[in-house]
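Asker: File follows, data_14.txt with compact mmCIF, C-alpha atoms:
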```txt
# COMPACT_ATOMS: atom_id res chain seq x y z
CA MET A 1 -6.16 -14.52 -11.91
CA LEU A 2 -9.21 -12.64 -10.66
CA LEU A 3 -7.73 -9.21 -10.29
CA ASP A 4 -5.55 -7.66 -12.89
CA ASP A 5 -1.79 -7.91 -12.45
CA LYS A 6 -1.15 -4.23 -12.00
CA SER A 7 -3.47 -3.81 -9.03
CA VAL A 8 -2.08 -7.00 -7.50
CA TYR A 9 1.43 -5.61 -7.78
CA LEU A 10 0.48 -2.20 -6.37
CA MET A 11 -1.26 -3.87 -3.46
CA ARG A 12 1.91 -5.78 -2.58
CA LEU A 13 3.86 -2.55 -2.40
CA GLY A 14 1.16 -1.00 -0.24
CA ASP A 15 0.82 -4.03 2.02
CA ASN A 16 4.57 -4.18 2.73
CA ALA A 17 4.58 -0.55 3.81
CA LEU A 18 1.34 -0.83 5.78
CA VAL A 19 2.20 -4.00 7.71
CA LEU A 20 5.72 -2.87 8.59
CA SER A 21 4.36 0.52 9.63
CA GLN A 22 1.88 -1.17 11.98
CA ARG A 23 4.64 -3.33 13.45
CA LEU A 24 6.89 -0.33 14.07
CA SER A 25 4.08 1.61 15.67
CA GLU A 26 3.83 -1.15 18.30
CA TRP A 27 7.07 0.30 19.68
CA CYS A 28 5.47 3.70 20.26
CA GLY A 29 6.19 4.75 23.83
CA LYS A 30 8.26 1.62 24.48
CA GLY A 31 11.49 2.26 22.55
CA PRO A 32 14.73 1.40 24.36
CA ALA A 33 15.76 5.06 24.19
CA PHE A 34 13.84 8.22 23.43
CA GLU A 35 15.70 8.74 20.15
CA GLU A 36 14.86 5.22 19.00
CA ASP A 37 11.23 5.65 19.92
CA MET A 38 11.07 8.76 17.74
CA ALA A 39 12.97 7.09 14.93
CA LEU A 40 10.68 4.07 14.74
CA THR A 41 7.51 6.11 14.87
CA ASN A 42 8.82 8.55 12.25
CA ILE A 43 9.70 5.67 9.95
CA ALA A 44 6.25 4.18 10.60
CA LEU A 45 4.77 7.52 9.55
CA ASP A 46 6.72 7.61 6.28
CA LEU A 47 5.62 4.06 5.54
CA ILE A 48 1.95 4.76 6.25
CA GLY A 49 2.13 7.69 3.83
CA GLN A 50 3.65 5.45 1.19
CA ALA A 51 1.07 2.73 1.86
CA ARG A 52 -1.71 5.26 1.27
CA MET A 53 -0.30 6.25 -2.12
CA TRP A 54 0.13 2.65 -3.29
CA LEU A 55 -3.19 1.39 -1.97
CA SER A 56 -5.17 4.35 -3.33
CA TYR A 57 -3.71 3.67 -6.74
CA ALA A 58 -4.32 -0.09 -6.39
CA GLY A 59 -7.97 0.59 -5.57
CA GLU A 60 -8.37 2.88 -8.59
CA VAL A 61 -6.77 0.39 -10.96
CA GLU A 62 -8.81 -2.46 -9.54
CA GLY A 63 -11.98 -0.51 -10.25
CA ARG A 64 -14.19 -2.19 -7.66
CA GLY A 65 -14.80 0.92 -5.61
CA ARG A 66 -12.34 0.07 -2.84
CA ASP A 67 -10.35 3.03 -1.51
CA GLU A 68 -7.20 2.94 0.64
CA ASP A 69 -9.25 2.50 3.83
CA ALA A 70 -11.33 -0.35 2.45
CA LEU A 71 -8.15 -2.12 1.37
CA ALA A 72 -6.39 -1.57 4.68
CA PHE A 73 -9.24 -2.33 7.04
CA ARG A 74 -11.62 -4.67 5.24
CA ARG A 75 -9.40 -7.38 3.89
CA ASP A 76 -8.64 -10.58 5.77
CA SER A 77 -5.14 -11.96 6.18
CA HIS A 78 -5.27 -14.29 3.14
CA GLU A 79 -5.95 -11.22 0.99
CA PHE A 80 -2.84 -9.43 2.25
CA THR A 81 0.13 -9.83 -0.04
CA ASN A 82 3.01 -8.44 2.01
CA LEU A 83 6.33 -10.22 2.36
CA LEU A 84 6.52 -12.61 5.32
CA LEU A 85 9.53 -10.66 6.58
CA VAL A 86 7.57 -7.52 7.49
CA GLU A 87 4.91 -9.32 9.51
CA GLN A 88 7.45 -10.99 11.83
CA PRO A 89 6.98 -9.89 15.45
CA ASN A 90 9.17 -7.14 16.87
CA GLY A 91 11.00 -9.53 19.21
CA ASP A 92 13.89 -7.83 20.94
CA TYR A 93 15.44 -4.69 19.50
CA ALA A 94 17.92 -6.68 17.45
CA GLN A 95 15.08 -8.46 15.64
CA THR A 96 13.28 -5.20 14.92
CA LEU A 97 16.47 -3.69 13.61
CA VAL A 98 17.63 -6.60 11.45
CA ARG A 99 14.13 -6.91 9.96
CA GLN A 100 14.28 -3.21 9.14
CA PHE A 101 17.73 -3.40 7.61
CA PHE A 102 16.88 -6.39 5.40
CA PHE A 103 13.74 -4.60 4.25
CA ASP A 104 15.26 -1.12 3.80
CA ALA A 105 18.07 -2.48 1.62
CA TRP A 106 15.55 -4.29 -0.59
CA HIS A 107 13.03 -1.45 -0.55
CA GLN A 108 15.57 1.06 -1.74
CA LEU A 109 16.56 -1.15 -4.69
CA VAL A 110 12.94 -1.74 -5.66
CA LEU A 111 12.09 1.96 -5.56
CA GLU A 112 15.21 2.83 -7.52
CA ALA A 113 14.02 0.47 -10.25
CA LEU A 114 10.43 1.73 -10.07
CA ARG A 115 11.55 5.33 -10.61
CA ARG A 116 12.09 4.21 -14.18
CA SER A 117 8.68 2.56 -14.49
CA SER A 118 6.82 3.09 -17.75
CA ASP A 119 3.82 4.01 -15.59
CA ASP A 120 4.17 7.69 -14.62
CA ARG A 121 2.26 7.42 -11.38
CA ILE A 122 4.34 4.45 -10.18
CA ALA A 123 7.51 6.37 -11.08
CA ASP A 124 6.26 9.46 -9.20
CA ILE A 125 5.36 7.56 -6.03
CA ALA A 126 8.71 5.73 -6.12
CA ALA A 127 10.62 9.01 -6.56
CA LYS A 128 8.80 10.47 -3.57
CA ALA A 129 9.25 7.39 -1.36
CA ILE A 130 12.89 6.72 -2.14
CA LYS A 131 13.98 9.97 -0.52
CA GLU A 132 12.49 8.75 2.73
CA VAL A 133 13.73 5.20 2.37
CA ALA A 134 17.30 6.34 1.71
CA TYR A 135 17.19 7.95 5.15
CA HIS A 136 15.77 4.75 6.70
CA LEU A 137 18.54 2.69 5.16
CA ARG A 138 21.27 5.04 6.29
CA ARG A 139 20.01 4.77 9.85
CA SER A 140 19.39 1.02 9.93
CA SER A 141 22.72 0.12 8.32
CA ASP A 142 24.55 2.38 10.75
CA LEU A 143 22.80 0.79 13.75
CA VAL A 144 23.49 -2.73 12.48
CA VAL A 145 27.18 -1.83 12.52
CA ARG A 146 27.03 -0.21 15.94
CA LEU A 147 25.19 -3.09 17.61
CA GLY A 148 26.87 -5.88 15.62
CA ASP A 149 30.32 -4.50 16.35
CA GLY A 150 29.24 -3.56 19.87
CA SER A 151 29.31 -5.50 23.11
CA ALA A 152 29.41 -9.31 23.27
CA GLU A 153 25.74 -9.26 24.27
CA SER A 154 24.61 -6.93 21.48
CA ARG A 155 26.58 -8.91 18.92
CA ARG A 156 25.06 -12.21 20.09
CA ARG A 157 21.55 -10.80 19.87
CA MET A 158 22.16 -9.33 16.43
CA GLN A 159 23.57 -12.59 15.10
CA ASP A 160 20.60 -14.52 16.57
CA ALA A 161 18.22 -12.12 14.86
CA VAL A 162 20.05 -12.48 11.54
CA ASP A 163 19.95 -16.28 11.79
CA GLU A 164 16.27 -16.27 12.67
CA LEU A 165 15.10 -13.83 9.99
CA TRP A 166 17.33 -15.07 7.17
CA MET A 167 14.76 -17.59 5.90
CA PHE A 168 12.33 -14.76 5.20
CA THR A 169 14.69 -12.95 2.83
CA GLY A 170 14.49 -15.37 -0.11
CA GLU A 171 10.91 -14.44 -0.90
CA MET A 172 11.95 -10.87 -1.68
CA PHE A 173 13.71 -12.07 -4.83
CA ASN A 174 11.32 -14.79 -6.00
CA ALA A 175 9.61 -13.37 -9.04
CA ASP A 176 6.16 -14.82 -9.68
CA GLU A 177 4.17 -14.58 -12.93
CA THR A 178 2.81 -11.15 -12.09
CA GLU A 179 6.25 -9.70 -11.49
CA GLU A 180 7.76 -11.39 -14.52
CA LEU A 181 4.97 -10.09 -16.73
CA LEU A 182 5.01 -6.51 -15.41
CA GLY A 183 8.80 -6.52 -15.27
CA ALA A 184 8.97 -7.45 -18.95
CA GLN A 185 6.56 -4.59 -19.73
CA GLY A 186 8.81 -2.12 -17.90
CA LEU A 187 5.98 -1.26 -15.54
CA ALA A 188 7.29 -3.04 -12.44
CA CYS A 189 10.56 -4.50 -11.35
CA ASP A 190 11.48 -8.16 -11.60
CA PRO A 191 12.83 -8.70 -8.06
CA SER A 192 15.15 -11.55 -9.08
CA THR A 193 17.35 -8.91 -10.73
CA LEU A 194 17.94 -7.21 -7.36
CA MET A 195 19.42 -10.19 -5.52
CA ASP A 196 23.10 -9.55 -6.27
CA ALA A 197 22.99 -5.87 -5.36
CA TRP A 198 21.13 -6.63 -2.13
CA LEU A 199 23.54 -9.36 -1.13
CA ALA A 200 26.51 -7.11 -1.84
CA MET A 201 25.07 -4.37 0.32
CA VAL A 202 24.20 -6.71 3.18
CA SER A 203 27.61 -8.43 3.02
CA GLU A 204 29.41 -5.12 3.17
CA VAL A 205 27.47 -3.90 6.20
CA PHE A 206 27.79 -7.28 7.92
CA ALA A 207 31.55 -7.29 7.37
CA GLU A 208 31.80 -3.97 9.13
CA ALA A 209 29.36 -5.17 11.81
CA THR A 210 31.35 -8.40 12.39
CA LEU A 211 28.17 -10.37 11.66
CA GLU A 212 28.06 -13.55 9.64
CA LEU A 213 25.82 -14.24 6.68
CA PRO A 214 23.89 -17.44 7.45
CA ALA A 215 24.73 -20.45 5.32
CA GLY A 216 21.15 -21.74 5.26
CA GLU A 217 19.60 -21.83 1.82
CA TRP A 218 16.09 -22.99 2.69
CA MET A 219 13.69 -20.11 2.38
CA GLN A 220 10.10 -19.46 3.42
CA LYS A 221 7.67 -18.21 0.80
CA GLY A 222 4.00 -17.48 0.20
CA GLY A 223 3.40 -13.99 1.59
CA LYS A 224 2.93 -12.44 -1.83
CA GLN A 225 0.31 -15.09 -2.60
CA GLY A 226 -1.57 -14.50 0.66
CA ARG A 227 -0.18 -17.46 2.61
CA HIS A 228 0.87 -15.99 5.93
CA GLY A 229 1.94 -17.15 9.36
CA GLU A 230 -0.20 -16.74 12.43
CA HIS A 231 1.40 -13.40 13.26
CA LEU A 232 -0.33 -11.42 10.53
CA GLY A 233 -3.83 -12.35 11.75
CA LEU A 234 -3.05 -11.01 15.21
CA LEU A 235 -1.58 -7.83 13.78
CA LEU A 236 -4.68 -7.25 11.64
CA ALA A 237 -7.00 -8.01 14.54
CA GLU A 238 -5.55 -5.04 16.35
CA MET A 239 -5.17 -2.77 13.34
CA GLN A 240 -8.65 -3.42 11.94
CA PHE A 241 -10.61 -3.67 15.19
CA LEU A 242 -12.29 -0.30 15.03
CA GLN A 243 -13.46 -0.52 11.42
CA ARG A 244 -14.63 -4.09 11.96
CA ALA A 245 -16.58 -3.23 15.12
CA TYR A 246 -17.92 0.10 13.81
CA PRO A 247 -17.86 -0.12 10.00
CA GLY A 248 -17.36 3.25 8.33
CA ALA A 249 -16.69 5.07 11.60
CA THR A 250 -15.06 8.48 11.11
CA TRP A 251 -13.94 11.18 13.53
CA MET B 1 -11.23 40.88 -9.23
CA GLY B 2 -8.82 42.53 -11.65
CA ASP B 3 -6.80 40.78 -14.29
CA LEU B 4 -5.41 37.31 -13.88
CA ARG B 5 -1.93 38.30 -12.86
CA GLU B 6 -3.19 40.67 -10.21
CA ARG B 7 -5.60 38.07 -8.89
CA ASN B 8 -2.83 35.47 -8.70
CA GLU B 9 -0.46 37.80 -6.92
CA ARG B 10 -3.10 38.62 -4.37
CA VAL B 11 -3.76 34.91 -3.70
CA TRP B 12 -0.03 34.18 -3.37
CA GLY B 13 0.17 37.05 -0.89
CA TRP B 14 -2.67 35.61 1.19
CA LEU B 15 -1.12 32.15 1.12
CA ALA B 16 2.13 33.67 2.35
CA ASP B 17 0.24 34.46 5.56
CA VAL B 18 -0.87 30.85 6.13
CA PRO B 19 1.48 29.36 8.73
CA ASP B 20 2.81 25.83 8.62
CA PRO B 21 0.85 24.10 11.41
CA GLU B 22 3.90 22.41 12.92
CA ILE B 23 6.45 25.19 12.45
CA PRO B 24 4.19 28.26 12.58
CA VAL B 25 7.10 30.66 12.25
CA ILE B 26 7.25 29.94 8.51
CA SER B 27 4.43 30.04 5.98
CA ILE B 28 3.40 27.34 3.57
CA VAL B 29 4.85 29.48 0.76
CA ASP B 30 8.19 29.73 2.59
CA LEU B 31 8.13 25.95 2.92
CA GLY B 32 7.78 25.56 -0.84
CA ILE B 33 4.71 23.37 -0.76
CA VAL B 34 2.44 25.71 -2.74
CA ARG B 35 3.30 24.90 -6.34
CA GLU B 36 0.71 26.72 -8.43
CA VAL B 37 -2.32 28.96 -8.26
CA ASN B 38 -4.70 28.65 -11.21
CA TRP B 39 -8.10 30.09 -12.03
CA HIS B 40 -10.76 28.16 -13.88
CA ASP B 41 -13.86 29.79 -15.32
CA GLU B 42 -16.77 27.49 -14.69
CA PRO B 43 -20.53 27.99 -15.19
CA ALA B 44 -21.09 28.42 -11.44
CA GLY B 45 -18.30 31.01 -11.18
CA ALA B 46 -14.52 31.26 -11.09
CA VAL B 47 -12.70 28.53 -9.17
CA CYS B 48 -9.34 29.16 -7.56
CA GLU B 49 -7.22 26.04 -7.76
CA VAL B 50 -4.26 25.75 -5.39
CA VAL B 51 -1.74 23.02 -6.14
CA ILE B 52 0.16 21.78 -3.09
CA THR B 53 2.70 19.04 -2.58
CA PRO B 54 3.32 17.09 0.64
CA THR B 55 6.69 17.37 2.38
CA TYR B 56 7.02 13.79 3.65
CA SER B 57 4.53 11.14 2.44
CA GLY B 58 3.04 10.59 5.86
CA CYS B 59 3.23 14.11 7.24
CA PRO B 60 0.03 14.60 9.22
CA ALA B 61 0.19 18.36 8.71
CA THR B 62 -0.82 17.98 5.05
CA GLU B 63 -4.54 17.74 5.78
CA VAL B 64 -4.50 20.65 8.21
CA ILE B 65 -2.71 22.74 5.59
CA GLY B 66 -5.43 22.03 3.05
CA ARG B 67 -8.11 23.23 5.45
CA SER B 68 -6.09 26.34 6.37
CA ILE B 69 -5.79 27.29 2.68
CA GLU B 70 -9.51 26.97 2.11
CA GLU B 71 -10.25 29.02 5.20
CA ALA B 72 -7.74 31.74 4.34
CA LEU B 73 -9.12 32.20 0.83
CA ARG B 74 -12.78 32.07 1.83
CA GLU B 75 -12.19 34.70 4.51
CA ARG B 76 -10.92 36.98 1.75
CA GLY B 77 -13.95 36.42 -0.41
CA VAL B 78 -12.79 33.62 -2.71
CA GLU B 79 -15.87 31.47 -2.59
CA ARG B 80 -14.83 28.56 -4.71
CA VAL B 81 -11.52 26.93 -3.85
CA ARG B 82 -10.19 23.65 -5.17
CA LEU B 83 -7.16 21.91 -3.72
CA GLN B 84 -5.01 19.75 -5.87
CA SER B 85 -2.31 17.54 -4.39
CA ARG B 86 0.64 16.74 -6.60
CA ILE B 87 3.57 14.52 -5.62
CA ALA B 88 5.82 15.02 -8.64
CA PRO B 89 8.35 16.46 -8.73
CA ALA B 90 8.87 15.40 -5.13
CA TRP B 91 9.18 18.20 -2.57
CA THR B 92 12.71 19.07 -1.60
CA THR B 93 14.19 21.41 0.99
CA ASP B 94 15.80 23.23 -1.96
CA TRP B 95 12.38 24.87 -2.35
CA LEU B 96 12.55 26.61 1.03
CA THR B 97 12.64 30.35 0.33
CA SER B 98 15.56 32.42 1.60
CA GLU B 99 13.00 34.26 3.72
CA GLY B 100 11.91 30.90 5.14
CA ARG B 101 15.49 29.91 5.92
CA ARG B 102 16.06 33.21 7.70
CA LYS B 103 12.88 32.80 9.81
CA LEU B 104 13.82 29.23 10.78
CA GLN B 105 17.24 30.39 11.90
CA GLU B 106 15.78 33.22 14.00
CA TYR B 107 13.30 30.82 15.58
CA GLY B 108 16.13 28.49 16.65
CA ILE B 109 15.89 25.84 13.93
CA ALA B 110 19.04 25.43 11.84
CA PRO B 111 18.08 25.50 8.13
CA PRO B 112 19.33 22.79 5.72
CA ALA B 113 23.06 23.21 5.24
CA ARG B 114 23.26 22.23 1.60
CA ARG B 115 21.28 21.45 -1.51
CA ALA B 116 19.30 18.24 -1.31
CA ASP B 117 19.24 17.64 -5.04
CA GLY B 118 20.58 14.19 -5.85
CA ARG B 119 21.04 13.12 -2.26
CA GLN B 120 18.56 10.27 -2.56
CA VAL B 121 21.10 8.35 -4.57
CA ILE B 122 23.04 6.75 -1.79
CA ASP B 123 26.05 4.63 -1.39
CA ILE B 124 26.24 3.02 2.02
CA SER B 125 29.84 2.00 1.69
CA GLY B 126 31.95 4.07 4.00
CA LEU B 127 29.15 4.18 6.58
CA ARG B 128 31.06 6.28 9.05
CA ARG B 129 31.41 9.05 6.53
CA HIS B 130 27.69 9.05 5.83
CA THR B 131 26.73 9.24 9.47
CA ALA B 132 27.87 12.84 9.73
CA ASP B 133 26.90 13.58 6.15
CA ASP B 134 24.03 15.95 6.77
CA ALA B 135 24.93 18.39 9.53
CA PRO B 136 23.89 21.96 10.28
CA ALA B 137 26.24 24.76 9.25
CA ALA B 138 26.02 26.46 12.63
CA CYS B 139 24.23 26.50 15.96
CA PRO B 140 21.20 28.80 15.53
CA HIS B 141 21.72 30.19 19.05
CA CYS B 142 25.41 31.15 19.18
CA GLY B 143 26.59 30.61 15.60
CA SER B 144 29.26 28.05 16.50
CA ALA B 145 30.05 25.43 13.87
CA ASN B 146 31.04 23.01 16.62
CA THR B 147 27.91 20.83 16.84
CA GLU B 148 27.05 17.16 17.08
CA PRO B 149 23.98 15.07 16.24
CA ILE B 150 21.81 13.70 19.06
CA SER B 151 19.04 12.01 17.08
CA ARG B 152 18.34 11.50 13.40
CA HIS B 153 14.65 12.01 14.04
CA GLY B 154 12.98 14.85 15.88
CA SER B 155 9.58 16.24 16.77
CA THR B 156 8.40 16.30 13.13
CA PRO B 157 9.44 14.22 10.09
CA CYS B 158 11.44 17.12 8.66
CA LYS B 159 13.76 17.66 11.62
CA ALA B 160 16.67 16.03 13.46
CA LEU B 161 18.10 16.89 16.87
CA HIS B 162 21.57 18.34 17.31
CA ARG B 163 23.49 19.95 20.13
CA CYS B 164 25.99 22.79 20.24
CA LEU B 165 29.28 21.88 21.86
CA ASP B 166 30.10 25.50 22.64
CA CYS B 167 26.92 27.01 24.11
CA LEU B 168 25.70 23.47 25.02
CA GLU B 169 22.15 24.18 23.82
CA PRO B 170 20.26 21.46 21.96
CA PHE B 171 18.50 22.57 18.77
CA ASP B 172 16.41 21.30 15.86
CA TYR B 173 17.95 20.92 12.45
CA PHE B 174 15.80 21.06 9.32
CA LYS B 175 17.21 18.07 7.40
CA CYS B 176 18.27 18.22 3.76
CA HIS B 177 15.62 16.25 1.93
```
In structure tokens, how does this file's structure come out?
Answerer:
Amino acid sequence: MLLDDKSVYLMRLGDNALVLSQRLSEWCGKGPAFEEDMALTNIALDLIGQARMWLSYAGEVEGRGRDEDALAFRRDSHEFTNLLLVEQPNGDYAQTLVRQFFFDAWHQLVLEALRRSSDDRIADIAAKAIKEVAYHLRRSSDLVVRLGDGSAESRRRMQDAVDELWMFTGEMFNADETEELLGAQGLACDPSTLMDAWLAMVSEVFAEATLELPAGEWMQKGGKQGRHGEHLGLLLAEMQFLQRAYPGATW
Amino acid sequence: MGDLRERNERVWGWLADVPDPEIPVISIVDLGIVREVNWHDEPAGAVCEVVITPTYSGCPATEVIGRSIEEALRERGVERVRLQSRIAPAWTTDWLTSEGRRKLQEYGIAPPARRADGRQVIDISGLRRHTADDAPAACPHCGSANTEPISRHGSTPCKALHRCLDCLEPFDYFKCH
């Protein structure tokens, strides 16, 4: 591996937050209700703040002089290591919401584990972020119930979104060498240990939402290793345009 | 500039006049984001170090606050100011001063109703119960406890929108965090 494991791991955390934040910000001004518009943009703001903390630290650990901006705006899609789940397009509101719920439930478990990291700075960032993420999860789980156990139309859309996004959830729990190594050192969290808790949480919310857990076991993977779908490139094209066209521009 | 304690007290007093850019009715000291004031003797002269902590990770006010602190201290003759940002322990609404809570209330923003300590540990079973978990104690306009939430998110990351069912006025609630 070219880069050291710790910076690779920190970059993953930062990329998840950054890419999902960018996706959510696409809803700005277009939310289905004013309250939802504010919610999504506020969550995007929390995530961008978290992305900055992780990416700044990743850049420092990497030691190649790249700061948070260089990492966000000057890497191409194969260098991004976010989960495939977070780069999926917004789709209809059900897809945005189910994507958020799957991620929030996982994110909260990861941060809970990272609060006990042997690395003080990782533990501090996790302790800061988890307060925000707990609020995200409370909102997304509540909305999954309201729309799942809602009208026939809202339930159908929610179930479609669940069925469509399910194949992107497996990757969240696939530990690779980096995660196994850092997990064993107590520095990071081995995500395979979170699977049962996540599934229990999702099952409980789905039961209340009258939604069904998909039976499909085939899962997509590769995001953490930089193998992404076409969607990420388009997202980055928009997000990085200014710094690509006018490198180093500030205002 | 007098002894250390005097100097520190003076700086804290000046910082207590720096308004929060998004809720100008309270100061950054009321908000609990100024954690420490330290002086360092350096060859080029004494440096005043102000340690601040962000409220929410992505709060855009954080950078404005840093500039306001530098300005406020320079205006009063402190030439060398250093800002230090510290995220641990994470900011909590438990650090709002009682003065800050009173000012929020008078301004029409309901202050956090309870201590935030430990709230980040969540259990999402019993979702219904959690939905109304964090609610204001009373409407800041008429004092009625009969209120309902409108939106979990408001005009800034730290607030939610509620409405009074007696005087019918909507109002901001400063969330427990």
Asker: Using all atoms listed in the file, I'd like a table of the residues in chain A that come within 6 Å of chain B; for each, show the closest atom pair and its distance in Å rounded to one decimal, ordered by chain and ascending number, as CSV.
Answerer:
```
residue,atom,partner,partner_atom,distance
A:Glu35,CA,B:Ser151,CA,5.6
A:Ala39,CA,B:His153,CA,5.3
A:Leu45,CA,B:Gly58,CA,5.1
A:Asp46,CA,B:Gly58,CA,4.8
A:Ile48,CA,B:Gly58,CA,5.9
A:Gly49,CA,B:Gly58,CA,3.7
A:Gln50,CA,B:Ser57,CA,5.9
A:Asp124,CA,B:Ala88,CA,5.6
A:Lys128,CA,B:Ala90,CA,5.2
A:Lys131,CA,B:Gln120,CA,5.0
A:Ala134,CA,B:Gln120,CA,5.9
```
Asker: Keeping C-alpha atoms for every residue in the selection just given, could you write it to a file as an mmCIF file, in the coordinates of the input?
Answerer:
```
data_model
loop_
_atom_site.group_PDB
_atom_site.id
_atom_site.type_symbol
_atom_site.label_atom_id
_atom_site.label_comp_id
_atom_site.auth_asym_id
_atom_site.auth_seq_id
_atom_site.Cartn_x
_atom_site.Cartn_y
_atom_site.Cartn_z
ATOM 1 C CA GLU A 35 15.700 8.740 20.150
ATOM 2 C CA ALA A 39 12.970 7.090 14.930
ATOM 3 C CA LEU A 45 4.770 7.520 9.550
ATOM 4 C CA ASP A 46 6.720 7.610 6.280
ATOM 5 C CA ILE A 48 1.950 4.760 6.250
ATOM 6 C CA GLY A 49 2.130 7.690 3.830
ATOM 7 C CA GLN A 50 3.650 5.450 1.190
ATOM 8 C CA ASP A 124 6.260 9.460 -9.200
ATOM 9 C CA LYS A 128 8.800 10.470 -3.570
ATOM 10 C CA LYS A 131 13.980 9.970 -0.520
ATOM 11 C CA ALA A 134 17.300 6.340 1.710
#
```
Asker: Could you state the separation of atom CA of Glu212 of chain A and atom CA of Asp160 of chain A in Å, given to one decimal place?
Answerer: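 Result for atom CA of Glu212 of chain A versus atom CA of Asp160 of chain A: 10.2 Å, one decimal.
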Asker: Which neighbours of Ala197 of chain A fall inside 9 Å, counting all atoms listed in the file, when residues of the same chain fewer than 5 positions from it are skipped, and could you give them as a PyMOL selection string?
Answerer: chain A and resi 106+109+202
Asker: Do you know which residues are at most 7 Å from Arg80 of chain B counting only C-alpha atoms, after dropping those on the same chain fewer than 2 positions away, and could you put them as a list of chain:residue names?
Answerer: B:Ala46, B:Val47, B:Cys48, B:Val78, B:Arg82
Asker: Enter the distance from atom CA of Ile122 of chain A to atom CA of Gln22 of chain A, in Å, rounded to one decimal.
Answerer: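 Separation of atom CA of Ile122 of chain A and atom CA of Gln22 of chain A: 23.0 Å.
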Asker: Which of these, A:Gln159, A:Arg66, A:Gln225, A:Ala105, has the shortest distance to Asn174 of chain A once you count only C-alpha atoms?
Answerer: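 Closest to Asn174 of chain A, using only C-alpha atoms: A:Gln225.
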Asker: So, with all atoms listed in the file as the atoms that count, which of B:Trp12, B:Phe171, B:Trp95, B:Trp39 lies closest to Cys142 of chain B?
Answerer: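 Smallest separation from Cys142 of chain B among the options: B:Phe171.
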Asker: Please list as an MDAnalysis selection string every residue within 12 Å of Arg10 of chain B, counting only C-alpha atoms and excluding residues in the same chain fewer than 5 positions away.
Answerer: chainID B and resid 1:5 15:17 37 48 73 76:78
Asker: Kindly indicate which residue among B:Glu9, B:Ala145, B:Val25, B:Val64 lies nearest to Tyr107 of chain B, using all atoms listed in the file for the distances.
Answerer: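 Between B:Glu9, B:Ala145, B:Val25, B:Val64, the residue approaching Tyr107 of chain B most closely is B:Val25.
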